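Scroll down for the structure; my scribbles are underneath it.
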Amino acid sequence: MRSGEVQTDAIVVGAGIVGAACGYALARSGLAVTVLEAAAAASGTSGQGEGNLLISDKEPGPELALARYSLGLWDALEETLRDRLPPGLGPIEYERKGGLVVATTDAGVRPLLRFAASQRAAGVDARPIDHEHALALEPALNPAVTAAVHYPEDAQVQPVIATETLLAAARSHGGRTLFGQRVTGPIRDAGGRLVGVRTATGEHRAGHVVLACGPWSGAVADRFGARIPVGPRRGVILVTSRMPHRIFGKVYDADYVGAVGSDDQDLQTSSVIESTAAGNVLVGSSRRRSGFDQSFDLEAIAEIAAKAIRIFPFLATASVIRSYGGFRPFMPDHLPAIGPDPRVKGLWHATGHEGAGIGLSLGTAEMITDLITGREPHLDAAPFDPGRPALQEVTSG
């Protein structure tokens, strides 16, 4: 082995929430794992979101099944890690705060209730409620909303703390985390199989390489000769000044579901509103496919603010202290890629979760670990296969 070269069972490229979860699950399974990150933990998508763990926005199908499986893992995580983490590492701020989805027009009532009914048929706790009950949950809610559905299962976590916690958990099982390690290219054996990666500081060899780079996964995969159609979809969030708590759960309008599932490249906005423990209110959300453009998006901010006021009128007088944006990993068929690359042996993908990566991370990590170690996954992995026809049609086009 040459100087600077490191041998391990599995390499995870990316230390956002998905990469951290994969590192933890693989290390817990007994593999020697190294997590490589070009910058710092949660320095990309994971550090630029709200930490949503949502059931309420997912239609029946594979993603909903993965979300429900992952939520069960989130429920147990803090207890599982209680004796493994170093002193001083605070709680991940996991809270089953629940969600309230509201319609703000007469035309929105029937689609909202129909969507909730389809979720109930799939086992989701989706409860249509009347105005009195809605106002009991959220007294500051606009009483003119036309319908509401309560989702007690929706939850929240602090994404940066959760990412750091999962990385610490991976280290507690013998894993390594290396930062400032930009992957520059592959290492292949004589037969062309991927057996490691090169970085600016050395070589890292492994039997398996997992790409968990979020919206940057496509560019990194290209360096390995593997095309995957994941790209950035930008979102913007507003943050108000601190105030007494007047919003108690996660509240959003029924348009949010349609925005999540849309392929439109142009700006789409819908209201997602919640308070933080400190008393700030987070107001989202927007979606725009414009590459990695980080310019100030006044149009998105204005639309987000106007829609939020329609749900909580008191926000009209709230002071916005800052806004921030991030890039979600968009996939053309709206399902993440989880599993082996169909062309490059030894390469695995865990990406394409768009805005659901926090919630889906633990289930994704378990699926990747099961597939790598030869265990039967808890869920059917076929819908998430990176070699599925819907993705091959895009990459070959």
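Quick note on naming: the chains in the structure tokens go A, B, ... in the order shown, residues restart at 1 in each chain, and ligands are numbered from 1 in order of appearance.
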Got a sec to tell me which of stretch 47-204 of chain A DSSP assigns to alpha helix (DSSP H), as a ChimeraX atom specification? /A:62-81,109-121,131-137,159-172
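Nearest-residue note for A:Gly357: choosing from A:Ser241, A:Thr105, A:Asn52, A:Gln119, the minimum distance belongs to A:Asn52, counting only C-alpha atoms.
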Any chance you could list, as a ChimeraX atom specification, the residues in stretch 227-361 of chain A that come up strand (DSSP E) when DSSP is run on the backbone? /A:231-240,250-253,268-275,281-287,320-330,337-340,347-351
For the selection you just gave me, I'd like the residues written to a file as an mmCIF file, in the first residue's frame, keeping C-alpha atoms.
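Done, and the output landed in result03.cif:
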data_model
loop_
_atom_site.group_PDB
_atom_site.id
_atom_site.type_symbol
_atom_site.label_atom_id
_atom_site.label_comp_id
_atom_site.auth_asym_id
_atom_site.auth_seq_id
_atom_site.Cartn_x
_atom_site.Cartn_y
_atom_site.Cartn_z
ATOM 1 C CA GLY A 231 -29.504 18.002 -10.366
ATOM 2 C CA PRO A 232 -30.190 21.048 -8.201
ATOM 3 C CA ARG A 233 -33.622 22.472 -7.481
ATOM 4 C CA ARG A 234 -33.332 25.643 -5.446
ATOM 5 C CA GLY A 235 -35.492 26.595 -2.486
ATOM 6 C CA VAL A 236 -35.694 29.751 -0.349
ATOM 7 C CA ILE A 237 -36.734 30.126 3.302
ATOM 8 C CA LEU A 238 -37.519 33.289 5.275
ATOM 9 C CA VAL A 239 -36.671 33.677 8.968
ATOM 10 C CA THR A 240 -38.542 36.146 11.168
ATOM 11 C CA LYS A 250 -46.009 22.533 11.000
ATOM 12 C CA VAL A 251 -48.638 24.259 8.841
ATOM 13 C CA TYR A 252 -48.735 24.351 5.082
ATOM 14 C CA ASP A 253 -51.175 24.828 2.277
ATOM 15 C CA GLN A 268 -43.316 27.481 -7.769
ATOM 16 C CA THR A 269 -44.207 28.545 -4.260
ATOM 17 C CA SER A 270 -46.419 27.279 -1.478
ATOM 18 C CA SER A 271 -46.653 27.951 2.243
ATOM 19 C CA VAL A 272 -44.804 25.865 4.815
ATOM 20 C CA ILE A 273 -44.725 27.641 8.171
ATOM 21 C CA GLU A 274 -43.456 26.696 11.628
ATOM 22 C CA SER A 275 -41.885 28.119 14.757
ATOM 23 C CA VAL A 281 -40.734 31.541 12.436
ATOM 24 C CA LEU A 282 -39.484 29.706 9.349
ATOM 25 C CA VAL A 283 -41.476 30.496 6.210
ATOM 26 C CA GLY A 284 -41.117 28.506 2.984
ATOM 27 C CA SER A 285 -41.200 27.220 0.408
ATOM 28 C CA SER A 286 -40.102 27.723 -3.158
ATOM 29 C CA ARG A 287 -38.854 25.529 -5.964
ATOM 30 C CA VAL A 320 -37.897 39.161 8.419
ATOM 31 C CA ILE A 321 -34.313 39.110 9.667
ATOM 32 C CA ARG A 322 -32.831 36.976 6.919
ATOM 33 C CA SER A 323 -33.479 34.557 4.091
ATOM 34 C CA TYR A 324 -31.428 31.610 2.946
ATOM 35 C CA GLY A 325 -31.553 29.183 0.076
ATOM 36 C CA GLY A 326 -30.383 25.698 -0.660
ATOM 37 C CA PHE A 327 -30.239 23.164 -3.454
ATOM 38 C CA ARG A 328 -32.336 20.022 -3.308
ATOM 39 C CA PRO A 329 -31.319 16.946 -5.346
ATOM 40 C CA PHE A 330 -34.039 16.689 -8.009
ATOM 41 C CA ALA A 337 -31.711 6.474 -6.412
ATOM 42 C CA ILE A 338 -30.704 3.892 -3.812
ATOM 43 C CA GLY A 339 -28.589 0.934 -4.814
ATOM 44 C CA PRO A 340 -25.825 -0.249 -7.171
ATOM 45 C CA LEU A 347 -20.337 2.034 -7.161
ATOM 46 C CA TRP A 348 -23.512 2.692 -5.170
ATOM 47 C CA HIS A 349 -25.920 5.630 -5.134
ATOM 48 C CA ALA A 350 -27.858 7.209 -2.263
ATOM 49 C CA THR A 351 -29.157 10.459 -3.714
#
Non-local contacts of stretch 17-27 of chain A (8 Å; only C-alpha atoms; under 3 positions in same chain excluded) as a PyMOL selection string: chain A and resi 10+12-14+30-35+42+46+159-160+162-164+166-167+169-171+173-175+211-213+350-351+357-358+361-362+364-366+368-369
Just N, CA and C atoms for this one: save the residues we selected as an mmCIF file, in the first residue's frame.
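To be explicit, this is the file written out as selection.cif:
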data_model
loop_
_atom_site.group_PDB
_atom_site.id
_atom_site.type_symbol
_atom_site.label_atom_id
_atom_site.label_comp_id
_atom_site.auth_asym_id
_atom_site.auth_seq_id
_atom_site.Cartn_x
_atom_site.Cartn_y
_atom_site.Cartn_z
ATOM 1 N N ALA A 10 -15.869 0.089 2.985
ATOM 2 C CA ALA A 10 -16.806 0.944 2.267
ATOM 3 C C ALA A 10 -16.424 2.404 2.453
ATOM 4 N N VAL A 12 -18.038 6.247 1.915
ATOM 5 C CA VAL A 12 -19.212 7.073 1.656
ATOM 6 C C VAL A 12 -18.712 8.458 1.280
ATOM 7 N N VAL A 13 -19.096 8.937 0.107
ATOM 8 C CA VAL A 13 -18.691 10.257 -0.352
ATOM 9 C C VAL A 13 -19.837 11.228 -0.071
ATOM 10 N N GLY A 14 -19.624 12.128 0.870
ATOM 11 C CA GLY A 14 -20.650 13.094 1.252
ATOM 12 C C GLY A 14 -21.021 12.956 2.714
ATOM 13 N N GLY A 30 -20.867 -3.673 10.983
ATOM 14 C CA GLY A 30 -19.581 -4.338 11.149
ATOM 15 C C GLY A 30 -18.564 -4.041 10.068
ATOM 16 N N LEU A 31 -18.914 -3.194 9.084
ATOM 17 C CA LEU A 31 -17.970 -2.847 8.034
ATOM 18 C C LEU A 31 -17.039 -1.730 8.492
ATOM 19 N N ALA A 32 -15.812 -1.750 7.967
ATOM 20 C CA ALA A 32 -14.885 -0.644 8.168
ATOM 21 C C ALA A 32 -15.262 0.444 7.170
ATOM 22 N N VAL A 33 -15.628 1.621 7.678
ATOM 23 C CA VAL A 33 -16.215 2.668 6.846
ATOM 24 C C VAL A 33 -15.422 3.959 6.977
ATOM 25 N N THR A 34 -15.247 4.628 5.840
ATOM 26 C CA THR A 34 -14.684 5.972 5.829
ATOM 27 C C THR A 34 -15.659 6.898 5.126
ATOM 28 N N VAL A 35 -16.031 7.990 5.779
ATOM 29 C CA VAL A 35 -16.876 9.019 5.177
ATOM 30 C C VAL A 35 -15.974 10.162 4.740
ATOM 31 N N ALA A 42 -22.726 18.551 6.894
ATOM 32 C CA ALA A 42 -23.980 19.281 6.653
ATOM 33 C C ALA A 42 -23.748 20.650 6.030
ATOM 34 N N SER A 46 -28.160 19.664 3.530
ATOM 35 C CA SER A 46 -28.659 19.330 4.874
ATOM 36 C C SER A 46 -28.627 20.514 5.823
ATOM 37 N N PRO A 159 -31.426 19.503 11.536
ATOM 38 C CA PRO A 159 -30.674 18.686 10.585
ATOM 39 C C PRO A 159 -29.160 18.709 10.767
ATOM 40 N N VAL A 160 -28.592 19.853 11.158
ATOM 41 C CA VAL A 160 -27.139 19.910 11.329
ATOM 42 C C VAL A 160 -26.718 19.073 12.540
ATOM 43 N N ALA A 162 -28.399 16.612 13.846
ATOM 44 C CA ALA A 162 -28.657 15.205 13.528
ATOM 45 C C ALA A 162 -27.542 14.625 12.665
ATOM 46 N N THR A 163 -27.066 15.399 11.699
ATOM 47 C CA THR A 163 -25.969 14.933 10.846
ATOM 48 C C THR A 163 -24.713 14.687 11.668
ATOM 49 N N GLU A 164 -24.365 15.655 12.505
ATOM 50 C CA GLU A 164 -23.173 15.497 13.337
ATOM 51 C C GLU A 164 -23.309 14.320 14.299
ATOM 52 N N LEU A 166 -25.085 11.519 13.782
ATOM 53 C CA LEU A 166 -24.924 10.278 13.035
ATOM 54 C C LEU A 166 -23.458 10.016 12.699
ATOM 55 N N LEU A 167 -22.714 11.062 12.388
ATOM 56 C CA LEU A 167 -21.284 10.882 12.130
ATOM 57 C C LEU A 167 -20.551 10.438 13.396
ATOM 58 N N ALA A 169 -21.921 8.766 15.780
ATOM 59 C CA ALA A 169 -22.348 7.384 15.993
ATOM 60 C C ALA A 169 -21.554 6.434 15.105
ATOM 61 N N ALA A 170 -21.298 6.843 13.864
ATOM 62 C CA ALA A 170 -20.475 6.017 12.978
ATOM 63 C C ALA A 170 -19.083 5.821 13.565
ATOM 64 N N ARG A 171 -18.504 6.902 14.094
ATOM 65 C CA ARG A 171 -17.175 6.795 14.706
ATOM 66 C C ARG A 171 -17.200 5.891 15.931
ATOM 67 N N HIS A 173 -18.708 3.254 16.222
ATOM 68 C CA HIS A 173 -18.649 1.878 15.725
ATOM 69 C C HIS A 173 -17.385 1.621 14.909
ATOM 70 N N GLY A 174 -16.415 2.514 15.023
ATOM 71 C CA GLY A 174 -15.137 2.308 14.344
ATOM 72 C C GLY A 174 -14.994 3.016 13.017
ATOM 73 N N GLY A 175 -16.010 3.748 12.572
ATOM 74 C CA GLY A 175 -15.919 4.473 11.314
ATOM 75 C C GLY A 175 -15.009 5.677 11.409
ATOM 76 N N LEU A 211 -22.017 7.006 -3.270
ATOM 77 C CA LEU A 211 -22.122 8.436 -3.542
ATOM 78 C C LEU A 211 -23.376 8.985 -2.877
ATOM 79 N N ALA A 212 -23.182 9.891 -1.938
ATOM 80 C CA ALA A 212 -24.290 10.527 -1.217
ATOM 81 C C ALA A 212 -24.030 12.025 -1.193
ATOM 82 N N CYS A 213 -23.942 12.615 -2.383
ATOM 83 C CA CYS A 213 -23.539 14.013 -2.530
ATOM 84 C C CYS A 213 -24.705 14.922 -2.875
ATOM 85 N N ALA A 350 -26.880 6.868 -3.301
ATOM 86 C CA ALA A 350 -27.858 7.209 -2.263
ATOM 87 C C ALA A 350 -28.127 8.698 -2.409
ATOM 88 N N THR A 351 -28.979 9.055 -3.367
ATOM 89 C CA THR A 351 -29.157 10.459 -3.714
ATOM 90 C C THR A 351 -30.521 10.670 -4.354
ATOM 91 N N GLY A 357 -34.835 14.492 1.973
ATOM 92 C CA GLY A 357 -33.660 13.740 2.379
ATOM 93 C C GLY A 357 -33.505 13.565 3.871
ATOM 94 N N ILE A 358 -33.879 14.576 4.659
ATOM 95 C CA ILE A 358 -33.762 14.436 6.117
ATOM 96 C C ILE A 358 -34.650 13.287 6.581
ATOM 97 N N SER A 361 -33.514 9.700 5.186
ATOM 98 C CA SER A 361 -32.106 9.327 5.305
ATOM 99 C C SER A 361 -31.895 7.999 6.027
ATOM 100 N N LEU A 362 -32.583 7.790 7.140
ATOM 101 C CA LEU A 362 -32.335 6.570 7.917
ATOM 102 C C LEU A 362 -32.800 5.329 7.170
ATOM 103 N N THR A 364 -33.048 5.088 3.897
ATOM 104 C CA THR A 364 -32.111 4.945 2.784
ATOM 105 C C THR A 364 -30.852 4.227 3.227
ATOM 106 N N ALA A 365 -30.313 4.617 4.369
ATOM 107 C CA ALA A 365 -29.085 4.012 4.881
ATOM 108 C C ALA A 365 -29.266 2.538 5.182
ATOM 109 N N GLU A 366 -30.412 2.178 5.747
ATOM 110 C CA GLU A 366 -30.667 0.761 6.026
ATOM 111 C C GLU A 366 -30.775 -0.035 4.731
ATOM 112 N N ILE A 368 -29.368 0.678 1.742
ATOM 113 C CA ILE A 368 -28.027 0.554 1.172
ATOM 114 C C ILE A 368 -27.223 -0.505 1.914
ATOM 115 N N THR A 369 -27.285 -0.477 3.231
ATOM 116 C CA THR A 369 -26.527 -1.428 4.040
ATOM 117 C C THR A 369 -27.003 -2.849 3.796
#
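Each of A:Gly249, A:Gly180, A:Gly225, A:Gly191 was checked against A:Leu135 using only C-alpha atoms; the smallest atom-to-atom distance is that of A:Gly249.
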If we count only C-alpha atoms and set the cut-off at 12 Å, which residues sit around A:Ala107, ignoring sequence neighbours fewer than 5 positions away in its own chain? Please answer as a PyMOL selection string. chain A and resi 112-113+145-147+254-255
Restricting the output to all heavy atoms, write the selected residues as a compact mmCIF listing (two decimals), in the first residue's frame.
# COMPACT_ATOMS: atom_id res chain seq x y z
N LEU A 112 -57.65 18.21 -1.55
CA LEU A 112 -57.02 17.96 -0.26
C LEU A 112 -57.64 16.75 0.42
O LEU A 112 -56.94 15.85 0.90
CB LEU A 112 -57.15 19.19 0.63
CG LEU A 112 -56.72 19.02 2.10
CD1 LEU A 112 -55.28 18.59 2.20
CD2 LEU A 112 -56.95 20.32 2.87
N LEU A 113 -58.95 16.70 0.47
CA LEU A 113 -59.63 15.60 1.16
C LEU A 113 -59.44 14.28 0.40
O LEU A 113 -59.32 13.21 1.01
CB LEU A 113 -61.10 15.92 1.33
CG LEU A 113 -61.40 17.16 2.20
CD1 LEU A 113 -62.91 17.37 2.32
CD2 LEU A 113 -60.77 17.04 3.59
N VAL A 145 -59.89 29.65 6.21
CA VAL A 145 -59.45 28.46 5.48
C VAL A 145 -60.65 27.56 5.24
O VAL A 145 -61.57 27.48 6.06
CB VAL A 145 -58.34 27.70 6.24
CG1 VAL A 145 -57.11 28.57 6.41
CG2 VAL A 145 -58.82 27.17 7.57
N THR A 146 -60.64 26.87 4.11
CA THR A 146 -61.82 26.13 3.67
C THR A 146 -61.83 24.67 4.07
O THR A 146 -62.87 24.02 4.03
CB THR A 146 -61.95 26.24 2.14
OG1 THR A 146 -60.71 25.84 1.53
CG2 THR A 146 -62.27 27.69 1.74
N ALA A 147 -60.67 24.11 4.42
CA ALA A 147 -60.59 22.71 4.86
C ALA A 147 -59.25 22.50 5.52
O ALA A 147 -58.29 23.25 5.28
CB ALA A 147 -60.76 21.75 3.68
N ALA A 254 -52.32 23.28 0.85
CA ALA A 254 -52.47 22.07 0.05
C ALA A 254 -51.72 22.15 -1.27
O ALA A 254 -51.45 21.11 -1.90
CB ALA A 254 -53.95 21.79 -0.19
N ASP A 255 -51.35 23.34 -1.71
CA ASP A 255 -50.58 23.48 -2.95
C ASP A 255 -49.19 22.86 -2.84
O ASP A 255 -48.56 22.56 -3.85
CB ASP A 255 -50.39 24.97 -3.29
CG ASP A 255 -51.69 25.64 -3.69
OD1 ASP A 255 -52.65 24.91 -3.99
OD2 ASP A 255 -51.74 26.88 -3.68
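Shortest atom-to-atom contact with A:Val210 among A:Ile309, A:Ile11, A:Ala278, A:Ile161: A:Ile11, counting only C-alpha atoms.
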Contacts of A:Ala39 at 8 Å or less, counting only C-alpha atoms, minus same-chain residues fewer than 5 places along, as a PDB file with N, CA and C atoms, in the first residue's frame?
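Dumped to part-v2.pdb:
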ATOM      1  N   PHE A 179     -12.599  15.247   6.478  1.00  0.00           N
ATOM      2  CA  PHE A 179     -13.146  16.445   5.859  1.00  0.00           C
ATOM      3  C   PHE A 179     -12.071  17.139   5.013  1.00  0.00           C
ATOM      4  N   GLY A 180     -12.525  18.033   4.134  1.00  0.00           N
ATOM      5  CA  GLY A 180     -11.605  18.676   3.212  1.00  0.00           C
ATOM      6  C   GLY A 180     -11.056  17.711   2.184  1.00  0.00           C
ATOM      7  N   GLN A 181     -11.847  16.697   1.841  1.00  0.00           N
ATOM      8  CA  GLN A 181     -11.409  15.632   0.942  1.00  0.00           C
ATOM      9  C   GLN A 181     -12.265  15.643  -0.335  1.00  0.00           C
ATOM     10  N   ARG A 182     -11.891  16.451  -1.282  1.00  0.00           N
ATOM     11  CA  ARG A 182     -12.623  16.491  -2.547  1.00  0.00           C
ATOM     12  C   ARG A 182     -12.197  15.300  -3.404  1.00  0.00           C
TER      13      ARG A 182
END
